[in-house]
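*Asks:* This structure is in structure tokens; I'll ask about it shortly.
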Amino acid sequence: MDINLNDLLRRYRSHPFEDYFVETPHTGVVFFKVKEGQTVKGPGGEWLHRPGTLLYVIERERNVKRMTALWSGQISGIRLDIEGQFVEAGEPLFSIRHQLDKEEIIDRILTQVLYIFSAPQRARYFLTPEISARMEKQFKQGVSVELGEDVLIMSLMKRDTMISYEGVPGSLYKVYFNSGDMVEQGSPLLGICSPDKLQYVQKVIHRIRTEWEK
Amino acid sequence: MGKERVLIANRGEIALRIIQACKDLGLDYVVLYTKEDEFSLHVRIAQQEESGFKKAYRIANYKDPNEIFSVADEAGCTSIHPGYGFFSENYVFARRATLRNRPLTFIGPNWEVIRDLGSKINTKRLAKGLKVPVIPGSDGPIYNELEAEEVAEELFFLQKEKGIHHPSILVKASAGGGGMGIEEVSHLDAFRRTYRRIQNYAKRQFGDEGVLIEQCLIDYQHLEVQLLCSSHGEVVHFGTRNCTIQSTGRQKRVEVAPGFDPAVCEYPFDARAVLDRIVKYSVRLAKHVGYDNIGTWEWIVSRDGSPYLMEVNARIQVENEISACISRLNGSNEPLSLIRDQIRVALGDRLGFSQKDISFEGTSIEMRIVAEDTKRGFAPWCGTITRFDYPDECWARLYSHVPRDIPYKIPTEYDPNFALAIIWGQDTQQAKERARQFQKGTVIEGKGAKDEDIVTNMDYLYDRIDDVLQF
Amino acid sequence: MRIDQIHMADSGRLLSQLADRISYLIDIKGNSEYGNIGSLLGQIQRLRQSLFEIKESDLFEEIDRIEDRISFLEDRVAEKLSPAEIVNIVRSPQRFTLMDILENVYDSYTELGGEGECNIDPAIVVARATISRRVKNRLYSHQVMVIGHEKGQGEEYRNGGCARPWGNNKALKYMRVAETEGIPIHFYIFTPGSYPIEDYPGAAQQIARNLYVMAKLKVPMVSFISEGGSGGAEAIGASGLRLMGSRGYYSVISPEGAAAIEGKIREGEKLPRKLLEHCAAQLKITAEDNLRLGTIDRIIGEPPLGARRDDFPFFRRLRYEMLRATDELVLKTKNFRAFRAYALKRQAEEGKDVPEDFDLFIGWSLTDLERERLLEFRFKKYIELGKGYFIENKNILTQGIRKTKVFASKTYYDIRYGLLRPHHRNVQKVIEEVSGEGSVFLRKVTEPVRAAYDFVFPQPERPSKVIRSGEPERKSIFAEEWDPYVSPLANEDCTVTCPNAAKYGCLDLWVPDLYGEFCGVCPNCGHHFPLEYQWYLENLFDKNSVREFNAHIASCNPLGFQGYSARLQKDIKHTGRNSSIITFEAEVWGIRLVVAMLFSNFRGGTVGVAEGEKFVRACDVASTTRRPLLAYIHSTGGIRIHEGTLGVVQMPKCTFGVREYNDNGGLYIVVYDNNSYAGPVASFLGCSLYQFGIRSSRIGFAGPRVIRETTGQDVPTDYHSAKNALKRGHIQGIWDRREFKKNLYDALMTLGGPNLYYK
């Protein structure tokens, strides 16, 4: 499976953005803390422990929650008409145009290089406790997964189903979801790199690293 | 102002039935929905209905009490109907509704009753005190593996003593309910594995890893007693139901009222006497705890005719309608609605009738139509329902949140239950025949994600009709 | 020509000496503006460059002039040295270090456990050394263990004398070696503070362990303080005699740290010089101050501007003083009369020059009995530290009654446990041996004996298994059986967000639920929200079993720290308590125990003299009444800086108290909640053999800010979490608040043994 790296790079270079739409997580009264066109910062610090720019506050049941930016970028399409109003859950507020950096480009391109294990159903997914324990211990070396090994728990219609791994054996290169997230059918869950491909993947990364700057 | 406005904190067919009950009583109502349920019928009805206020609110999650109270305040609601599942038996929720600065009437028993009966352990203790029989097992939730094993061992031993050939025990999540998180263990060696699995499940699903262990009664009938009480101390019952027919994981699929029918089956015990006993016990317990709303007392009757109290469901149940179907108030054929009565008593009304005004007539069967693969461990099926037709008969009623005019995608977040069919017959024989007839006339079509045809439990239900009220 | 060159070289040396003196002055003053020293340095620079162009006589004239000027300035500076300037002296690179002492005070030495950079921790130097004295023209030498900080001469690897946890561990190891070999230990303290990292064995925990061992180390120990930075100093400082250089400083916190706290200076902002000076003065860090407060025993005179690396007369004095101090410790254990005579003579010599000769040789080895006495003296010395710097009830009558009561109870318990116990044990042993035969015959014989015996010594009340199985109501979730105490925090109709919501998807919590039934614990992720200390008083102990004692002991302002008295009064009024520690007797399901509870509302739960005293007295009560001792730390922010080194010495003091209690057979359990940092953790808490953390608590030596400022590295947000403390082996377990009582009960039962007491 060869990919046209040049094409991909060109495409990302011409449009190195990703638009993130910010919605209310739940009902409540919203007050905006940013302006149209303002540049906001995402979380920072070595462990991403410093929260990003304050975007808006939402008050529900006398609890004022400060919502901070998860991505850096520029605010657009801000819905000033709902300022100070009660809004329902999932109400769009504005979008953040995020400029992709090198690592993010690499991540995106890698999804086309790695073996992607995607969601068989639209459901909530969890890593099995064994896998997450291994991840915690030895993420740097990479966690290897075997064929037929139980890697995920799919929580669907209040039932838990074990999902065993099918595909090329290799090491777990990337996990594309947060434990307990609702994942659409066909969305990537795990990115696996087979041992024979490892070199190729590293080459791709290296190439993007060197070429992206230009 | 002054008019009651009910917030319906639930989804699916129960939301529809509560809407109907509110309309019957002339009350305002407001519904909630999540993104997944956007096209559900209860939302459509609420949105389409003409009224001077917003009737449907989108929330993040049915399970987040903050969302419910937030909307209740915004929409100016005065009471909350929790339906079944979700917050129906959550005393913390009921307490918050009652005690907050802007109180809301919780349509259900008062929170102290829910708390005391909501715990199977406490119910067991209360029952023992009132000389009501209960199933042998652990006295409280177990958090310790060694302790659990000890209890398991003792239960196996006791069963062998009694001469039971294939003893087995049940391991349940103490915080669970509705048949979730229960497994049977028939060998002590396999216990530890099961225990751990259930413990993990409980921790993830309910946040409490307490586990209950009790004797697994095999060859028994699962009976229920439907009670309605008011805050004025009145207690009446609407007879018994039989819910023995269950899928794996102890999910009910076919229910029937009354609990036994000596006309169709020869029971190895005096069926009428047993029914009387469980009703009597249930009423005794209800009176003792000051029960003040609708509730169901669940019983197990073993082949020797001895009943054991299992638990109390301090809420309206899915199958409440079949009890209503066989009950006659002052001999009239006017259909009863238990949900309506539930709302009435929660708002402080008296019952307006007493036990002697209630008589029973015929047999009623409920079938839960579920998109599941009965041949593959009742695995849920997901996809889109494109056609759903059923016969229109005066002896049948069908409740469903599935719209009949547009394709409906089954949300993966919730139970794949999508319809309830309720059949009434002059006697058990007729009810069974009508149930089959209804099934034959029902057409369900749909397509899954890979363009495969819909899988439902219709055939399974058809097969199980024979088993109704057999022992 | 050659002579000229020598002269020139000479003048070069002179010039560089002068330059050193000037830069020393600049070091002391912290700037080059004072007396225009900066320009003097410029002049020297110019002279150096034009060494060969100036006429020799002019050159020397110029040098003389500059030297006069420098001497004049030096005298002026020495006349009134401010505390901040003393700190600068101590930190000057020209000050003597431990290596200079090893070279000049001792005859020979062998470094142990590492050499230079090749070392587990180059900031701590350990050496076996010989120190000698002349008696009537004969040379006698002693073997000693020398342990101290080495600041180094600018070497990065010395870490400025900040000992890492394993460095202190090394020190401890060689203290034990000295104990085995029976040789005295000389400690040299040159540290701005311990390196605040938590890696095993942990900064705080290791200091605590050192203190715990030093409390009963059976060899004479003398320490010398040049730079005594709080906890770091204590790690090797709890000796029998504490000497201090006259230009040293000994402080609870660096003046910078104090200024940042007092001035509420934000991280990264510059400290105003004025504030710094003010704080240094307020902290009472000089040798004179410390001697007056009793936190050190003696001052060793240094030159007016402090001893430098080549100050040989000072090293001679230091050698003399170290010998004398060790002699004194030894003599005191041998014979009081001899010691008196010696001490009197020494007193007469005070202020005189160091004599060339000693008039007698004193051997430094001790007999068993003498070792016991040595420990006794050390214990007494530390237990008395800070006496008089807290307020006791002035009412003489009540004091008298209290004394009588204490005496009476002491006598009662002494008789009950002291006299009867050994006998009790013997009887029991005999019976066990007899009935151990297992014969029915013997059983018959012993049964009446046992019955009679049980009557005399009723078994300690302990719930038997039967009672314990009836325990469900204790774990019950039902309100009737719940304690009526509900946190006042619960009286608000609002919700709060769990800090772990993003990670675990916790829903917002309704405050009345959270602080009521949920005990302040998020039911989803188990995060513990802080609760006020009263909650624990009400819910952790049996109803009406809490009996407070020593509530009258109050904190005061011993240093006259500006503004501290007012703040104390405010807290006293606000909390209705006199100090940040509550000591009381209480019961946990019938088990009686003594509890010391540090709580956050009073000056952040910091420990000062009153707190230390109350803690030691609690140890004493627990010891005499033979009860387990629980230190429940609701929160502690460390040693109270406003009480200076009087606060610091509470570290060894309380540790000595605990050690005595443990050695008497007591069971000491520490439970940390919320935030526990610094001094107390590095002493009487960290030394406990059984430490537990409440979930979501933080335990550590220094907070994240201090770590960032000292190590220059950021730490993860969960660096001090109980979970990490458990991983590092600092604590033995994490307890859920909702099961605190049960866990405590179980711990008392399992750790305390059948009699709730080790022995």
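Residues in the structure tokens are numbered from 1 in each chain, the chains being A, B, ... in the order shown, and ligands are numbered from 1 in the order shown.
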Residues of chain C near chain A: apply a cut-off of 12 Å, count only C-alpha atoms, and supply the list as a list in words.
*Replies:* Glu492, Asp493, Cys494, Thr495, Val496, Thr497, Cys498, Pro499, Ala501, Ala502, Lys503, Tyr504, Gly505, Cys506, Leu507, Asp508, Leu509, Trp510, Val511, Gln713, Asp714, Val715, Pro716, Thr717, Asp718 and Tyr719 of chain C
*Asks:* May I have the residues of chain B within 9 Å of chain A, counting only C-alpha atoms, written as a list of chain:residue names?
*Replies:* B:Thr34, B:Lys35, B:Tyr57, B:Arg58, B:Ile59, B:Ala60, B:Asn61, B:Asn66, B:Glu67, B:Phe69, B:Ser70, B:Val71, B:Glu74, B:Met180, B:Tyr201, B:Gln205, B:Ala379, B:Pro380, B:Cys382, B:Pro411, B:Thr412, B:Glu413, B:Tyr414, B:Asp415, B:Pro416, B:Ala449
*Asks:* Mind writing the picked residues with N, CA, C and O atoms as an mmCIF file, in the first residue's frame?
*Replies:*
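What landed in again-v8.cif:
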data_model
loop_
_atom_site.group_PDB
_atom_site.id
_atom_site.type_symbol
_atom_site.label_atom_id
_atom_site.label_comp_id
_atom_site.auth_asym_id
_atom_site.auth_seq_id
_atom_site.Cartn_x
_atom_site.Cartn_y
_atom_site.Cartn_z
ATOM 1 N N THR B 34 -32.734 13.404 23.641
ATOM 2 C CA THR B 34 -31.319 13.569 23.312
ATOM 3 C C THR B 34 -31.197 13.542 21.794
ATOM 4 O O THR B 34 -32.157 13.247 21.095
ATOM 5 N N LYS B 35 -30.011 13.861 21.352
ATOM 6 C CA LYS B 35 -29.770 13.951 19.920
ATOM 7 C C LYS B 35 -30.193 12.667 19.209
ATOM 8 O O LYS B 35 -30.768 12.699 18.130
ATOM 9 N N TYR B 57 -37.416 19.695 24.968
ATOM 10 C CA TYR B 57 -36.083 20.260 25.182
ATOM 11 C C TYR B 57 -35.033 19.202 24.888
ATOM 12 O O TYR B 57 -35.159 18.057 25.325
ATOM 13 N N ARG B 58 -34.008 19.621 24.172
ATOM 14 C CA ARG B 58 -32.906 18.698 23.887
ATOM 15 C C ARG B 58 -31.901 18.775 25.044
ATOM 16 O O ARG B 58 -31.486 19.864 25.460
ATOM 17 N N ILE B 59 -31.532 17.623 25.575
ATOM 18 C CA ILE B 59 -30.563 17.585 26.678
ATOM 19 C C ILE B 59 -29.399 16.685 26.297
ATOM 20 O O ILE B 59 -29.447 15.991 25.278
ATOM 21 N N ALA B 60 -28.388 16.703 27.120
ATOM 22 C CA ALA B 60 -27.177 15.949 26.794
ATOM 23 C C ALA B 60 -27.385 14.465 27.035
ATOM 24 O O ALA B 60 -26.873 13.636 26.303
ATOM 25 N N ASN B 61 -28.133 14.149 28.079
ATOM 26 C CA ASN B 61 -28.124 12.773 28.541
ATOM 27 C C ASN B 61 -29.325 12.575 29.463
ATOM 28 O O ASN B 61 -29.532 13.361 30.367
ATOM 29 N N ASN B 66 -28.934 16.836 36.481
ATOM 30 C CA ASN B 66 -28.808 18.284 36.385
ATOM 31 C C ASN B 66 -29.542 18.821 35.162
ATOM 32 O O ASN B 66 -30.133 19.897 35.190
ATOM 33 N N GLU B 67 -29.485 18.046 34.083
ATOM 34 C CA GLU B 67 -30.174 18.453 32.871
ATOM 35 C C GLU B 67 -31.672 18.507 33.111
ATOM 36 O O GLU B 67 -32.353 19.419 32.688
ATOM 37 N N PHE B 69 -33.340 18.871 35.968
ATOM 38 C CA PHE B 69 -33.777 19.973 36.834
ATOM 39 C C PHE B 69 -33.600 21.317 36.143
ATOM 40 O O PHE B 69 -34.388 22.243 36.336
ATOM 41 N N SER B 70 -32.559 21.406 35.355
ATOM 42 C CA SER B 70 -32.311 22.640 34.626
ATOM 43 C C SER B 70 -33.488 22.944 33.697
ATOM 44 O O SER B 70 -34.007 24.055 33.662
ATOM 45 N N VAL B 71 -33.938 21.923 32.960
ATOM 46 C CA VAL B 71 -35.066 22.115 32.055
ATOM 47 C C VAL B 71 -36.347 22.329 32.855
ATOM 48 O O VAL B 71 -37.179 23.165 32.489
ATOM 49 N N GLU B 74 -36.485 25.862 33.743
ATOM 50 C CA GLU B 74 -36.628 26.706 32.562
ATOM 51 C C GLU B 74 -38.049 26.614 32.002
ATOM 52 O O GLU B 74 -38.640 27.608 31.618
ATOM 53 N N MET B 180 -30.071 -6.756 34.475
ATOM 54 C CA MET B 180 -28.705 -6.536 33.996
ATOM 55 C C MET B 180 -27.712 -6.938 35.090
ATOM 56 O O MET B 180 -27.953 -6.721 36.277
ATOM 57 N N TYR B 201 -18.276 -5.346 35.931
ATOM 58 C CA TYR B 201 -19.433 -4.801 35.240
ATOM 59 C C TYR B 201 -20.141 -3.781 36.136
ATOM 60 O O TYR B 201 -20.461 -2.672 35.711
ATOM 61 N N GLN B 205 -20.748 0.024 35.278
ATOM 62 C CA GLN B 205 -22.098 0.472 34.980
ATOM 63 C C GLN B 205 -22.718 1.296 36.105
ATOM 64 O O GLN B 205 -23.424 2.248 35.871
ATOM 65 N N ALA B 379 -28.685 -10.982 20.826
ATOM 66 C CA ALA B 379 -27.839 -9.831 20.515
ATOM 67 C C ALA B 379 -28.673 -8.734 19.883
ATOM 68 O O ALA B 379 -29.504 -9.008 19.020
ATOM 69 N N PRO B 380 -28.494 -7.512 20.314
ATOM 70 C CA PRO B 380 -29.302 -6.430 19.757
ATOM 71 C C PRO B 380 -28.965 -6.196 18.277
ATOM 72 O O PRO B 380 -27.824 -6.338 17.859
ATOM 73 N N CYS B 382 -29.101 -3.417 15.199
ATOM 74 C CA CYS B 382 -29.365 -2.004 14.976
ATOM 75 C C CYS B 382 -29.445 -1.704 13.499
ATOM 76 O O CYS B 382 -28.806 -2.352 12.676
ATOM 77 N N PRO B 411 -31.842 3.980 17.950
ATOM 78 C CA PRO B 411 -30.633 4.521 18.608
ATOM 79 C C PRO B 411 -29.861 3.404 19.296
ATOM 80 O O PRO B 411 -30.450 2.496 19.881
ATOM 81 N N THR B 412 -28.566 3.471 19.201
ATOM 82 C CA THR B 412 -27.752 2.406 19.791
ATOM 83 C C THR B 412 -27.519 2.627 21.279
ATOM 84 O O THR B 412 -26.972 1.782 21.955
ATOM 85 N N GLU B 413 -27.924 3.806 21.756
ATOM 86 C CA GLU B 413 -27.644 4.150 23.148
ATOM 87 C C GLU B 413 -28.534 3.407 24.125
ATOM 88 O O GLU B 413 -28.211 3.264 25.282
ATOM 89 N N TYR B 414 -29.714 2.994 23.644
ATOM 90 C CA TYR B 414 -30.717 2.506 24.589
ATOM 91 C C TYR B 414 -31.160 1.096 24.228
ATOM 92 O O TYR B 414 -30.685 0.523 23.253
ATOM 93 N N ASP B 415 -32.086 0.571 25.028
ATOM 94 C CA ASP B 415 -32.646 -0.746 24.761
ATOM 95 C C ASP B 415 -33.213 -0.830 23.350
ATOM 96 O O ASP B 415 -33.798 0.132 22.872
ATOM 97 N N PRO B 416 -33.075 -1.976 22.719
ATOM 98 C CA PRO B 416 -33.657 -2.090 21.384
ATOM 99 C C PRO B 416 -35.148 -2.432 21.403
ATOM 100 O O PRO B 416 -35.710 -2.815 20.391
ATOM 101 N N ALA B 449 -27.029 -1.794 8.717
ATOM 102 C CA ALA B 449 -25.958 -0.994 8.146
ATOM 103 C C ALA B 449 -25.370 -1.665 6.911
ATOM 104 O O ALA B 449 -24.949 -0.990 5.976
#
*Asks:* What does the structure give for the distance between atom CA of B:Ile385 and atom CA of B:Leu41, in Å to one decimal?
*Replies:*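 Those two atoms sit 13.4 Å apart.
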*Asks:* Would you pick out the contacts of C:Glu111 at 12 Å or less, using only C-alpha atoms, so that residues sharing its chain but fewer than 3 positions from it are not included, and give the list as a list in words?
*Replies:*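 My reading of the contact set: Leu98, Met99, Leu102, Glu103, Ser108, Gly114, Glu115, Gly116, Cys118, Asn119, Pro122, Ile124, Val125, Val126, Ala127, Arg128, Ala129, Thr130, Met145, Val146, Ile147, Gly148 and Tyr174 of chain C.
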*Asks:* Return as a tab-separated table the residues of chain B lying at most 8 Å from chain C, together with the closest atom-to-atom pair for each and the distance in Å to one decimal, counting only C-alpha atoms, with rows in chain order and ascending residue number.
*Replies:*
residue	atom	partner	partner_atom	distance
B:Asp64	CA	C:Leu507	CA	6.5
B:Asn66	CA	C:Asp508	CA	6.9
B:Val92	CA	C:Asp513	CA	7.5
B:Arg96	CA	C:Asp513	CA	7.9
B:Arg100	CA	C:Asp493	CA	6.1
B:Asn101	CA	C:Asp493	CA	6.4
B:Arg115	CA	C:Phe478	CA	7.7
B:Asp116	CA	C:Phe478	CA	7.5
B:Gly140	CA	C:Pro472	CA	7.7
B:Gly207	CA	C:Asn524	CA	5.7
*Asks:* From stretch 205-316 of chain B, collect each residue whose DSSP state is strand (DSSP E) and return the set as a ChimeraX atom specification.
*Replies:* /B:211-215,220-229,235-247,251-257,294-302,307-313
